[in-house]
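Report on the following structure.
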Amino acid sequence: MPQSRRRQRARVAAAGKQGTHPLRLYRHKLKDETFAGMVLLAGAVLALLWANSPWREIYHSIAGFEIGPAALHLDLSLATWAADGLLAIFFFVVGLELKTEFVTGALRDLRLAAVPMIAAVFGMVGPVAVYAVVQVVTGAYVWDGWAIPVATDIAFAVALLGIFGRGLPPAVRTFLLTLAVVDDLLAIMIIAIFFSEGLNFVALGASLAVVALFGFFAQRRITHWWV
């Protein structure tokens, strides 16, 4: 048998062995939206059961375990890494999908794009109004919690879309995705405006400078992976 053919068969056999590795199979399956959504929901159910079980102290100990370089003030708990770290990456990925819809997809038309945005605004105003009415009717007059029912959970919204959204028309899926994203972004703005103790102008200026630099690169068609 020629040497080249032997090498080719060896590569095929090696690729077959790698493909059966559990971690590789799991990563491959995660590319399927339905499977990824089921993993997210299963993880949420497991966390709820664990956090309310007799072993809840172990759950809270793991969530409070701190890791990261203290010199950079990044010695944070695992719960903080998940909430402020992984969620930021999640927003980035979902934002890229949404940007594709705005640039080349169903939301190119400003009138169509405005519909889910307006729906998101009223989807926030509605729960606040219900909260206010409940306070007045019950005579509690506890106004501090008005922002709690404002936001949907975008991660669960995307997971449910991945599981049940296959049969939906693309326009409906885009509408629901836009609604969930805009709703969460507006909720973040509410937190920043009404529940922050101050504004770090240096950090804000640096973030705006990075956005401007990225826009400059995009206009010049500089699209290297590191950008």
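Naming scheme: A, B, ... for chains in displayed order of the structure tokens; residues 1 onward per chain; ligands 1 onward as shown.
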
Query raised in the report: Residues at most 12 Å from Ala171 (chain A), counting only C-alpha atoms, excluding those fewer than 3 positions away in the same chain, as a VMD selection string?
Result: chain A and resid 101 105 to 108 112 to 113 115 to 116 165 to 168 174 to 178

**Report entry** Residue nearest Lys99 (chain A) among A:Thr34, A:Glu197, A:Val181, A:Ser77 (counting only C-alpha atoms)
**Finding:** A:Val181

Would you pick out the contacts of region 56-68 of chain A at 7 Å or less, using only C-alpha atoms, so that residues sharing its chain but fewer than 6 positions from it are not included, and give the list as a compact mmCIF listing (two decimals) with N, CA and C atoms, in the first residue's frame?
# COMPACT_ATOMS: atom_id res chain seq x y z
N TRP A 50 -31.09 21.81 43.80
CA TRP A 50 -29.93 21.74 44.68
C TRP A 50 -29.98 22.86 45.73
N LEU A 74 -10.03 41.28 40.48
CA LEU A 74 -10.87 40.28 39.83
C LEU A 74 -10.97 39.00 40.65
N ASP A 75 -10.70 39.11 41.96
CA ASP A 75 -10.89 37.95 42.83
C ASP A 75 -12.38 37.89 43.19
N LEU A 76 -13.15 37.38 42.26
CA LEU A 76 -14.60 37.39 42.35
C LEU A 76 -15.13 35.99 42.62
N SER A 77 -16.35 35.94 43.11
CA SER A 77 -16.99 34.65 43.36
C SER A 77 -17.41 34.02 42.03
N LEU A 78 -17.61 32.69 42.06
CA LEU A 78 -18.05 32.00 40.84
C LEU A 78 -19.41 32.53 40.39
N ALA A 79 -20.28 32.89 41.34
CA ALA A 79 -21.58 33.45 40.97
C ALA A 79 -21.42 34.77 40.23

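You will find CA of Val150 (chain A) at 7.5 Å from CA of Val125 (chain A).
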
Shell of 12 Å around Val39 (chain A), only C-alpha atoms, local chain residues under 2 positions omitted, as a compact mmCIF listing (two decimals) with N, CA, C and O atoms, in the first residue's frame:
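Saved file around09.txt follows:
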# COMPACT_ATOMS: atom_id res chain seq x y z
N TYR A 26 -20.13 16.33 22.90
CA TYR A 26 -20.95 17.33 23.61
C TYR A 26 -20.82 18.70 22.94
O TYR A 26 -21.82 19.39 22.73
N ARG A 27 -19.61 19.10 22.61
CA ARG A 27 -19.40 20.39 21.93
C ARG A 27 -20.10 20.41 20.58
O ARG A 27 -20.66 21.43 20.17
N LYS A 29 -22.79 18.67 19.78
CA LYS A 29 -24.24 18.71 20.01
C LYS A 29 -24.70 20.10 20.43
O LYS A 29 -25.84 20.49 20.15
N LEU A 30 -23.83 20.85 21.11
CA LEU A 30 -24.21 22.20 21.55
C LEU A 30 -24.45 23.14 20.38
O LEU A 30 -25.05 24.20 20.56
N LYS A 31 -23.98 22.79 19.19
CA LYS A 31 -24.25 23.63 18.03
C LYS A 31 -25.72 23.58 17.62
O LYS A 31 -26.19 24.44 16.89
N ASP A 32 -26.41 22.54 18.10
CA ASP A 32 -27.84 22.43 17.85
C ASP A 32 -28.60 23.25 18.89
O ASP A 32 -28.45 23.05 20.09
N GLU A 33 -29.42 24.22 18.43
CA GLU A 33 -30.10 25.14 19.35
C GLU A 33 -31.05 24.41 20.30
O GLU A 33 -31.17 24.78 21.47
N THR A 34 -31.72 23.38 19.79
CA THR A 34 -32.66 22.65 20.64
C THR A 34 -31.93 21.96 21.79
O THR A 34 -32.34 22.05 22.95
N PHE A 35 -30.83 21.29 21.48
CA PHE A 35 -30.06 20.61 22.52
C PHE A 35 -29.48 21.61 23.51
O PHE A 35 -29.52 21.39 24.72
N ALA A 36 -28.93 22.73 23.01
CA ALA A 36 -28.36 23.75 23.89
C ALA A 36 -29.42 24.33 24.82
O ALA A 36 -29.16 24.56 26.01
N GLY A 37 -30.61 24.57 24.29
CA GLY A 37 -31.69 25.08 25.14
C GLY A 37 -32.09 24.09 26.22
O GLY A 37 -32.35 24.48 27.37
N LEU A 41 -31.98 24.70 30.34
CA LEU A 41 -33.14 24.49 31.21
C LEU A 41 -32.87 23.39 32.23
O LEU A 41 -33.27 23.51 33.40
N ALA A 42 -32.20 22.33 31.80
CA ALA A 42 -31.88 21.25 32.73
C ALA A 42 -30.95 21.76 33.83
O ALA A 42 -31.11 21.41 35.02
N GLY A 43 -29.98 22.60 33.47
CA GLY A 43 -29.08 23.17 34.46
C GLY A 43 -29.82 24.05 35.45
O GLY A 43 -29.53 24.03 36.66
N ALA A 44 -30.80 24.83 34.95
CA ALA A 44 -31.57 25.69 35.84
C ALA A 44 -32.42 24.87 36.82
O ALA A 44 -32.48 25.19 38.02
N VAL A 45 -33.04 23.81 36.32
CA VAL A 45 -33.85 22.95 37.20
C VAL A 45 -32.96 22.28 38.25
O VAL A 45 -33.31 22.22 39.44
N LEU A 46 -31.79 21.80 37.82
CA LEU A 46 -30.86 21.16 38.76
C LEU A 46 -30.41 22.15 39.84
O LEU A 46 -30.35 21.81 41.03
N ALA A 155 -31.75 34.70 28.68
CA ALA A 155 -31.18 33.36 28.49
C ALA A 155 -32.28 32.32 28.36
O ALA A 155 -32.24 31.46 27.48
N PHE A 156 -33.28 32.40 29.23
CA PHE A 156 -34.40 31.45 29.15
C PHE A 156 -35.23 31.69 27.90
O PHE A 156 -35.74 30.75 27.30
N ALA A 159 -33.38 30.10 25.13
CA ALA A 159 -33.44 28.64 25.27
C ALA A 159 -34.78 28.11 24.81
O ALA A 159 -34.86 27.10 24.08
N LEU A 160 -35.86 28.77 25.21
CA LEU A 160 -37.19 28.32 24.80
C LEU A 160 -37.38 28.49 23.30
O LEU A 160 -38.04 27.65 22.66
N GLY A 162 -35.00 28.21 21.16
CA GLY A 162 -34.24 27.13 20.56
C GLY A 162 -34.98 25.80 20.58
O GLY A 162 -34.89 25.00 19.65
N ILE A 163 -35.75 25.57 21.67
CA ILE A 163 -36.46 24.29 21.80
C ILE A 163 -37.76 24.29 21.01
O ILE A 163 -38.06 23.34 20.27

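Nearest to Leu87 (chain A) of all the residues A:His73, A:Trp143, A:Phe164, A:Ile154 is A:Ile154, counting only C-alpha atoms.
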